[in-house]
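Enquirer: Quick one: the structure is below, and I'll ask about it shortly.
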Amino acid sequence: MCWKFERIPHRRFCGQKCENVARSGGPMIFSLTKTHEIYQSVVKQFKDSWRHTQRCPTVVTVYAIISHPQIWAKYSAYRGAVETRGQFLKEGRSRGNEKRRWHGTTRKCNLGDAGNLQSCGHSACALCSIIRSSYDLGRFKNRTGWGRFGAGIYTTATSSKANDYSSNAIPSPRKALLLNSVVVGRGYKLTRDNPSLTKPPVGYDSVVGEPAVGGSLNYDELVVYRNDAIRPSYLVIYQP
């Protein structure tokens with residue numbers, strides 16, 4: 001946070017004490033320098049996962065998102081419970097089979113533009129609401145009204161698909177995407193729509209939509225059905 005002490009490689013902070021201090025002041029966002037390895041990995045993921053035919057936009061800024069400690073604790077506890085059931089670390093995977101996935105939503109302010117770090121505070125601004133208090137399944141019908149795999153929280157490995165859902169309610173030359181930490185656990189694979197779902201099948205923790213011949217998907221989707229299965233990690237501002 002102070003940019004004076006050496007960070008632990010591949011982490012955002014110099015140590016656990018610094019991270020705890022940052023989280024105690026959350027929620028907040030702070031920009032990463034372009035030489036930061038996490039900045040570079042986020043930009044690489046954005047570019048490598050752009051699948052649509054239009055030119056891949058240029059990333060302008062990457063902000064790290066620090067959740068409120070209680071919100072992060074609930075996510076961490078859920079991830080631990082999924083890990084206990086699935087034992088993913090023994091398979092060489094991440095704890096809880098955690099993945100980084102994209103989500104596009106509506107921004108009703110200029111958060112992220114020109115160094116603006118202040119959330120607008122309006123409940124109608126989906127972007128700021130997610131950064132402040134993470135995702136809420138209760139908002140599902142208000143935001144979309146329909147979901148290919150039912151009432152869940154939708155993310156994707158494809159940045160250009162998430163871009164289709166990113167919009168600005170006020171004029172801005174830039175757009176915003178969220179890169180999230182998602183506990184996949186055991187993912188149930190589907191290739192065709194099932195809008196009646198309200199939870200994964202028994203024995204599974206999420207639904208993974210995969211494009212396939214004869215299926216209904218053009219791009220991948222990852223859906224979780226618990227608020228504590230996902231947390232926003234990075235805000236990516238880019239020039240379309």
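Chain identifiers are assigned as A, B, and so on, following the order in which chains appear in the structure tokens; residues are numbered from 1 within each chain, and ligands are numbered from 1 in order of appearance.
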Using DSSP on the backbone, list every residue of segment 120-168 of chain A that comes out as strand (DSSP E), and give them as a PyMOL selection string.
Expert: chain A and resi 153-155+167-168
Enquirer: Compile the contact shell of Val182 of chain A as a count of residues only: residues with an atom at most 8 Å away, counting only C-alpha atoms, same-chain residues fewer than 4 positions apart removed.
Expert: 7
Enquirer: Could you pull out the residues in segment 10-129 of chain A that DSSP calls helix (DSSP H, G or I) from the backbone, as a PDB file with N, CA and C atoms, in the first residue's frame?
Expert:
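The result, written out as result29.pdb:
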```pdb
ATOM      1  N   GLN A  16       1.368 -10.459   5.299  1.00  0.00           N
ATOM      2  CA  GLN A  16       0.015 -10.627   5.806  1.00  0.00           C
ATOM      3  C   GLN A  16      -0.437  -9.431   6.646  1.00  0.00           C
ATOM      4  N   LYS A  17       0.503  -8.830   7.399  1.00  0.00           N
ATOM      5  CA  LYS A  17       0.138  -7.680   8.221  1.00  0.00           C
ATOM      6  C   LYS A  17      -0.342  -6.528   7.357  1.00  0.00           C
ATOM      7  N   CYS A  18       0.375  -6.262   6.288  1.00  0.00           N
ATOM      8  CA  CYS A  18      -0.017  -5.184   5.377  1.00  0.00           C
ATOM      9  C   CYS A  18      -1.378  -5.492   4.751  1.00  0.00           C
ATOM     10  N   GLU A  19      -1.594  -6.741   4.356  1.00  0.00           N
ATOM     11  CA  GLU A  19      -2.875  -7.129   3.763  1.00  0.00           C
ATOM     12  C   GLU A  19      -4.009  -6.941   4.759  1.00  0.00           C
ATOM     13  N   ASN A  20      -3.766  -7.305   6.021  1.00  0.00           N
ATOM     14  CA  ASN A  20      -4.795  -7.149   7.042  1.00  0.00           C
ATOM     15  C   ASN A  20      -5.157  -5.680   7.249  1.00  0.00           C
ATOM     16  N   VAL A  21      -4.146  -4.813   7.235  1.00  0.00           N
ATOM     17  CA  VAL A  21      -4.395  -3.378   7.385  1.00  0.00           C
ATOM     18  C   VAL A  21      -5.225  -2.861   6.213  1.00  0.00           C
ATOM     19  N   ALA A  22      -4.889  -3.304   4.999  1.00  0.00           N
ATOM     20  CA  ALA A  22      -5.637  -2.875   3.816  1.00  0.00           C
ATOM     21  C   ALA A  22      -7.083  -3.336   3.897  1.00  0.00           C
ATOM     22  N   ARG A  23      -7.283  -4.595   4.264  1.00  0.00           N
ATOM     23  CA  ARG A  23      -8.643  -5.140   4.330  1.00  0.00           C
ATOM     24  C   ARG A  23      -9.476  -4.457   5.419  1.00  0.00           C
ATOM     25  N   SER A  24      -8.816  -4.048   6.491  1.00  0.00           N
ATOM     26  CA  SER A  24      -9.557  -3.377   7.569  1.00  0.00           C
ATOM     27  C   SER A  24     -10.133  -2.051   7.099  1.00  0.00           C
ATOM     28  N   GLU A  37       3.662  -7.639 -11.595  1.00  0.00           N
ATOM     29  CA  GLU A  37       3.404  -8.903 -12.282  1.00  0.00           C
ATOM     30  C   GLU A  37       1.928  -9.260 -12.322  1.00  0.00           C
ATOM     31  N   ILE A  38       1.163  -8.823 -11.310  1.00  0.00           N
ATOM     32  CA  ILE A  38      -0.269  -9.104 -11.341  1.00  0.00           C
ATOM     33  C   ILE A  38      -0.951  -8.255 -12.418  1.00  0.00           C
ATOM     34  N   TYR A  39      -0.547  -6.992 -12.552  1.00  0.00           N
ATOM     35  CA  TYR A  39      -1.057  -6.150 -13.638  1.00  0.00           C
ATOM     36  C   TYR A  39      -0.823  -6.839 -14.975  1.00  0.00           C
ATOM     37  N   GLN A  40       0.385  -7.318 -15.174  1.00  0.00           N
ATOM     38  CA  GLN A  40       0.725  -7.955 -16.448  1.00  0.00           C
ATOM     39  C   GLN A  40      -0.065  -9.235 -16.676  1.00  0.00           C
ATOM     40  N   SER A  41      -0.306 -10.005 -15.603  1.00  0.00           N
ATOM     41  CA  SER A  41      -1.050 -11.258 -15.769  1.00  0.00           C
ATOM     42  C   SER A  41      -2.522 -10.981 -16.075  1.00  0.00           C
ATOM     43  N   VAL A  42      -3.090  -9.919 -15.478  1.00  0.00           N
ATOM     44  CA  VAL A  42      -4.479  -9.561 -15.756  1.00  0.00           C
ATOM     45  C   VAL A  42      -4.624  -9.097 -17.202  1.00  0.00           C
ATOM     46  N   VAL A  43      -3.709  -8.250 -17.658  1.00  0.00           N
ATOM     47  CA  VAL A  43      -3.752  -7.774 -19.046  1.00  0.00           C
ATOM     48  C   VAL A  43      -3.586  -8.936 -20.015  1.00  0.00           C
ATOM     49  N   LYS A  44      -2.690  -9.841 -19.706  1.00  0.00           N
ATOM     50  CA  LYS A  44      -2.479 -11.010 -20.569  1.00  0.00           C
ATOM     51  C   LYS A  44      -3.752 -11.852 -20.638  1.00  0.00           C
ATOM     52  N   GLN A  45      -4.410 -12.059 -19.502  1.00  0.00           N
ATOM     53  CA  GLN A  45      -5.648 -12.833 -19.490  1.00  0.00           C
ATOM     54  C   GLN A  45      -6.723 -12.127 -20.309  1.00  0.00           C
ATOM     55  N   PHE A  46      -6.791 -10.812 -20.211  1.00  0.00           N
ATOM     56  CA  PHE A  46      -7.765 -10.029 -20.986  1.00  0.00           C
ATOM     57  C   PHE A  46      -7.526 -10.226 -22.486  1.00  0.00           C
ATOM     58  N   LYS A  47      -6.284 -10.106 -22.909  1.00  0.00           N
ATOM     59  CA  LYS A  47      -5.960 -10.223 -24.337  1.00  0.00           C
ATOM     60  C   LYS A  47      -6.117 -11.656 -24.837  1.00  0.00           C
ATOM     61  N   ASP A  48      -5.595 -12.597 -24.066  1.00  0.00           N
ATOM     62  CA  ASP A  48      -5.612 -13.995 -24.520  1.00  0.00           C
ATOM     63  C   ASP A  48      -7.012 -14.572 -24.587  1.00  0.00           C
ATOM     64  N   PRO A  69     -13.360  -6.906   5.323  1.00  0.00           N
ATOM     65  CA  PRO A  69     -12.854  -8.157   5.924  1.00  0.00           C
ATOM     66  C   PRO A  69     -13.931  -9.200   6.194  1.00  0.00           C
ATOM     67  N   GLN A  70     -15.128  -8.781   6.598  1.00  0.00           N
ATOM     68  CA  GLN A  70     -16.186  -9.752   6.861  1.00  0.00           C
ATOM     69  C   GLN A  70     -16.666 -10.414   5.575  1.00  0.00           C
ATOM     70  N   ILE A  71     -16.721  -9.636   4.516  1.00  0.00           N
ATOM     71  CA  ILE A  71     -17.146 -10.182   3.222  1.00  0.00           C
ATOM     72  C   ILE A  71     -16.100 -11.166   2.706  1.00  0.00           C
ATOM     73  N   TRP A  72     -14.820 -10.801   2.852  1.00  0.00           N
ATOM     74  CA  TRP A  72     -13.762 -11.698   2.412  1.00  0.00           C
ATOM     75  C   TRP A  72     -13.726 -12.958   3.267  1.00  0.00           C
ATOM     76  N   ALA A  73     -13.976 -12.838   4.570  1.00  0.00           N
ATOM     77  CA  ALA A  73     -13.940 -13.990   5.472  1.00  0.00           C
ATOM     78  C   ALA A  73     -14.994 -15.027   5.077  1.00  0.00           C
ATOM     79  N   LYS A  74     -16.171 -14.580   4.664  1.00  0.00           N
ATOM     80  CA  LYS A  74     -17.225 -15.513   4.255  1.00  0.00           C
ATOM     81  C   LYS A  74     -16.814 -16.271   2.995  1.00  0.00           C
ATOM     82  N   TYR A  75     -16.189 -15.569   2.063  1.00  0.00           N
ATOM     83  CA  TYR A  75     -15.696 -16.227   0.849  1.00  0.00           C
ATOM     84  C   TYR A  75     -14.613 -17.242   1.195  1.00  0.00           C
ATOM     85  N   SER A  76     -13.674 -16.840   2.036  1.00  0.00           N
ATOM     86  CA  SER A  76     -12.578 -17.718   2.423  1.00  0.00           C
ATOM     87  C   SER A  76     -13.093 -18.974   3.124  1.00  0.00           C
ATOM     88  N   ALA A  77     -14.112 -18.804   3.977  1.00  0.00           N
ATOM     89  CA  ALA A  77     -14.687 -19.949   4.685  1.00  0.00           C
ATOM     90  C   ALA A  77     -15.375 -20.897   3.710  1.00  0.00           C
ATOM     91  N   TYR A  78     -16.107 -20.350   2.753  1.00  0.00           N
ATOM     92  CA  TYR A  78     -16.768 -21.196   1.759  1.00  0.00           C
ATOM     93  C   TYR A  78     -15.746 -21.935   0.904  1.00  0.00           C
ATOM     94  N   ARG A  79     -14.716 -21.228   0.472  1.00  0.00           N
ATOM     95  CA  ARG A  79     -13.654 -21.858  -0.318  1.00  0.00           C
ATOM     96  C   ARG A  79     -13.018 -23.008   0.460  1.00  0.00           C
ATOM     97  N   GLY A  80     -12.796 -22.805   1.758  1.00  0.00           N
ATOM     98  CA  GLY A  80     -12.220 -23.853   2.596  1.00  0.00           C
ATOM     99  C   GLY A  80     -13.124 -25.067   2.703  1.00  0.00           C
ATOM    100  N   ALA A  81     -14.437 -24.825   2.822  1.00  0.00           N
ATOM    101  CA  ALA A  81     -15.385 -25.933   2.921  1.00  0.00           C
ATOM    102  C   ALA A  81     -15.421 -26.746   1.627  1.00  0.00           C
ATOM    103  N   VAL A  82     -15.379 -26.052   0.486  1.00  0.00           N
ATOM    104  CA  VAL A  82     -15.367 -26.750  -0.807  1.00  0.00           C
ATOM    105  C   VAL A  82     -14.078 -27.544  -0.969  1.00  0.00           C
ATOM    106  N   GLU A  83     -12.974 -26.979  -0.506  1.00  0.00           N
ATOM    107  CA  GLU A  83     -11.696 -27.682  -0.576  1.00  0.00           C
ATOM    108  C   GLU A  83     -11.728 -28.943   0.284  1.00  0.00           C
ATOM    109  N   THR A  84     -12.302 -28.849   1.466  1.00  0.00           N
ATOM    110  CA  THR A  84     -12.387 -30.010   2.357  1.00  0.00           C
ATOM    111  C   THR A  84     -13.155 -31.146   1.689  1.00  0.00           C
ATOM    112  N   ARG A  85     -14.234 -30.797   0.996  1.00  0.00           N
ATOM    113  CA  ARG A  85     -15.024 -31.823   0.313  1.00  0.00           C
ATOM    114  C   ARG A  85     -14.310 -32.387  -0.904  1.00  0.00           C
ATOM    115  N   GLY A  86     -13.670 -31.504  -1.674  1.00  0.00           N
ATOM    116  CA  GLY A  86     -13.139 -31.934  -2.969  1.00  0.00           C
ATOM    117  C   GLY A  86     -11.674 -32.287  -3.009  1.00  0.00           C
ATOM    118  N   LEU A  89      -6.402 -29.444  -3.811  1.00  0.00           N
ATOM    119  CA  LEU A  89      -4.968 -29.195  -3.668  1.00  0.00           C
ATOM    120  C   LEU A  89      -4.169 -30.471  -3.918  1.00  0.00           C
ATOM    121  N   LYS A  90      -4.704 -31.603  -3.515  1.00  0.00           N
ATOM    122  CA  LYS A  90      -4.009 -32.873  -3.731  1.00  0.00           C
ATOM    123  C   LYS A  90      -3.912 -33.225  -5.212  1.00  0.00           C
ATOM    124  N   GLU A  91      -4.796 -32.654  -6.006  1.00  0.00           N
ATOM    125  CA  GLU A  91      -4.788 -32.891  -7.447  1.00  0.00           C
ATOM    126  C   GLU A  91      -3.935 -31.863  -8.193  1.00  0.00           C
ATOM    127  N   ARG A  95      -6.911 -24.023  -4.227  1.00  0.00           N
ATOM    128  CA  ARG A  95      -7.827 -24.309  -3.122  1.00  0.00           C
ATOM    129  C   ARG A  95      -9.280 -24.069  -3.555  1.00  0.00           C
ATOM    130  N   GLY A  96     -10.106 -25.083  -3.396  1.00  0.00           N
ATOM    131  CA  GLY A  96     -11.497 -24.963  -3.805  1.00  0.00           C
ATOM    132  C   GLY A  96     -11.681 -24.937  -5.308  1.00  0.00           C
ATOM    133  N   ASN A  97     -10.615 -25.270  -6.057  1.00  0.00           N
ATOM    134  CA  ASN A  97     -10.621 -25.155  -7.520  1.00  0.00           C
ATOM    135  C   ASN A  97     -11.015 -23.734  -7.922  1.00  0.00           C
ATOM    136  N   ASP A 113     -12.216   5.936 -14.105  1.00  0.00           N
ATOM    137  CA  ASP A 113     -11.773   6.869 -15.141  1.00  0.00           C
ATOM    138  C   ASP A 113     -10.871   7.939 -14.531  1.00  0.00           C
ATOM    139  N   ALA A 114      -9.775   8.232 -15.184  1.00  0.00           N
ATOM    140  CA  ALA A 114      -8.893   9.335 -14.799  1.00  0.00           C
ATOM    141  C   ALA A 114      -8.554   9.324 -13.316  1.00  0.00           C
ATOM    142  N   GLY A 115      -8.303   8.129 -12.777  1.00  0.00           N
ATOM    143  CA  GLY A 115      -7.885   8.016 -11.394  1.00  0.00           C
ATOM    144  C   GLY A 115      -8.989   8.193 -10.377  1.00  0.00           C
ATOM    145  N   ALA A 126     -24.577  -0.950 -10.543  1.00  0.00           N
ATOM    146  CA  ALA A 126     -24.229  -2.357 -10.299  1.00  0.00           C
ATOM    147  C   ALA A 126     -22.742  -2.523 -10.037  1.00  0.00           C
ATOM    148  N   LEU A 127     -21.907  -1.798 -10.775  1.00  0.00           N
ATOM    149  CA  LEU A 127     -20.460  -1.933 -10.610  1.00  0.00           C
ATOM    150  C   LEU A 127     -20.036  -1.556  -9.192  1.00  0.00           C
ATOM    151  N   CYS A 128     -20.473  -0.399  -8.728  1.00  0.00           N
ATOM    152  CA  CYS A 128     -20.082   0.046  -7.386  1.00  0.00           C
ATOM    153  C   CYS A 128     -20.672  -0.850  -6.304  1.00  0.00           C
ATOM    154  N   SER A 129     -21.893  -1.340  -6.512  1.00  0.00           N
ATOM    155  CA  SER A 129     -22.510  -2.233  -5.535  1.00  0.00           C
ATOM    156  C   SER A 129     -21.697  -3.508  -5.377  1.00  0.00           C
TER     157      SER A 129
END
```
Enquirer: May I have the residues within 9 Å of Asp220 of chain A as a list in words, using only C-alpha atoms and disregarding those fewer than 6 positions away in the same chain?
Expert: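 Surrounding residues, per the criterion: Thr155, Thr156, Ala157, Thr158, Lys161, Val208, Gly209, Glu210 and Pro211 of chain A.
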Enquirer: Emit the selected residues as an mmCIF file, in the first residue's frame, including N, CA and C atoms.
Expert:
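Saved file selection.cif follows:
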```cif
data_model
loop_
_atom_site.group_PDB
_atom_site.id
_atom_site.type_symbol
_atom_site.label_atom_id
_atom_site.label_comp_id
_atom_site.auth_asym_id
_atom_site.auth_seq_id
_atom_site.Cartn_x
_atom_site.Cartn_y
_atom_site.Cartn_z
ATOM 1 N N THR A 155 -20.342 -15.719 -14.806
ATOM 2 C CA THR A 155 -19.019 -15.238 -15.202
ATOM 3 C C THR A 155 -18.573 -16.034 -16.423
ATOM 4 N N THR A 156 -17.447 -15.636 -16.987
ATOM 5 C CA THR A 156 -16.939 -16.309 -18.176
ATOM 6 C C THR A 156 -15.425 -16.194 -18.236
ATOM 7 N N ALA A 157 -14.800 -17.164 -18.887
ATOM 8 C CA ALA A 157 -13.355 -17.102 -19.128
ATOM 9 C C ALA A 157 -13.037 -16.231 -20.337
ATOM 10 N N THR A 158 -14.062 -15.798 -21.072
ATOM 11 C CA THR A 158 -13.895 -15.056 -22.319
ATOM 12 C C THR A 158 -14.145 -13.569 -22.083
ATOM 13 N N LYS A 161 -16.793 -11.868 -24.314
ATOM 14 C CA LYS A 161 -18.194 -12.164 -23.967
ATOM 15 C C LYS A 161 -18.636 -11.266 -22.817
ATOM 16 N N VAL A 208 -20.892 -25.359 -15.309
ATOM 17 C CA VAL A 208 -19.956 -24.909 -16.332
ATOM 18 C C VAL A 208 -20.613 -25.105 -17.689
ATOM 19 N N GLY A 209 -20.949 -24.010 -18.355
ATOM 20 C CA GLY A 209 -21.505 -24.091 -19.697
ATOM 21 C C GLY A 209 -20.398 -24.142 -20.719
ATOM 22 N N GLU A 210 -20.429 -25.161 -21.585
ATOM 23 C CA GLU A 210 -19.368 -25.345 -22.571
ATOM 24 C C GLU A 210 -19.938 -25.353 -23.987
ATOM 25 N N PRO A 211 -19.324 -24.609 -24.904
ATOM 26 C CA PRO A 211 -19.739 -24.682 -26.305
ATOM 27 C C PRO A 211 -19.479 -26.078 -26.851
#
```
Enquirer: Between A:Asn110, A:Ser123, A:Asn227, A:Gln87, which is the closest to Tyr154 of chain A once you count only C-alpha atoms?
Expert: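 Ranked by minimum distance to Tyr154 of chain A, first place goes to A:Asn227.
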Enquirer: What's the 12 Å shell around Leu190 of chain A, counting only C-alpha atoms, without same-chain residues fewer than 3 positions away, as a PyMOL selection string?
Expert: chain A and resi 148-149+187+193-195+197+200-201+206-212+214-217+220-223
Enquirer: Quick one: of A:Ser49, A:Phe30, A:His10, A:Cys109, who's nearest to Ser167 of chain A, counting only C-alpha atoms?
Expert: A:Cys109
Enquirer: So how far away is atom CA of Tyr165 of chain A from atom CA of Ile153 of chain A, in Å?
Expert: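 Those two atoms sit 13.2 Å apart.
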Enquirer: Considering only C-alpha atoms, return as a count of residues only whatever protein or nucleic-acid residues lie within 9 Å of Lys175 of chain A, sequence-local ones (same chain, fewer than 6 positions apart) excluded.
Expert: 11
Enquirer: Quote the spacing between atom CA of Gly138 of chain A and atom CA of Tyr225 of chain A in Å to one decimal place.
Expert: 10.8 Å
Enquirer: To one decimal in Å, tell me the separation between atom CA of Leu137 of chain A and atom CA of Leu32 of chain A.
Expert: 29.7 Å
Enquirer: Name all residues at most 7 Å from Ile66 of chain A (count only C-alpha atoms; drop same-chain ones fewer than 6 positions away) and give them as a PyMOL selection string.
Expert: chain A and resi 23+26-29
Enquirer: Looking at A:Arg12, A:Arg226, A:Arg55, A:His103, which one is nearest to Lys199 of chain A, with distances taken over only C-alpha atoms?
Expert: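 Using only C-alpha atoms, Lys199 of chain A sits closest to A:Arg226.
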Enquirer: Nearest to Thr53 of chain A among A:Ile8, A:Cys14, A:Ser160, A:Ser233, with distances taken over only C-alpha atoms: which residue is it?
Expert: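 Closest candidate: A:Ser160.
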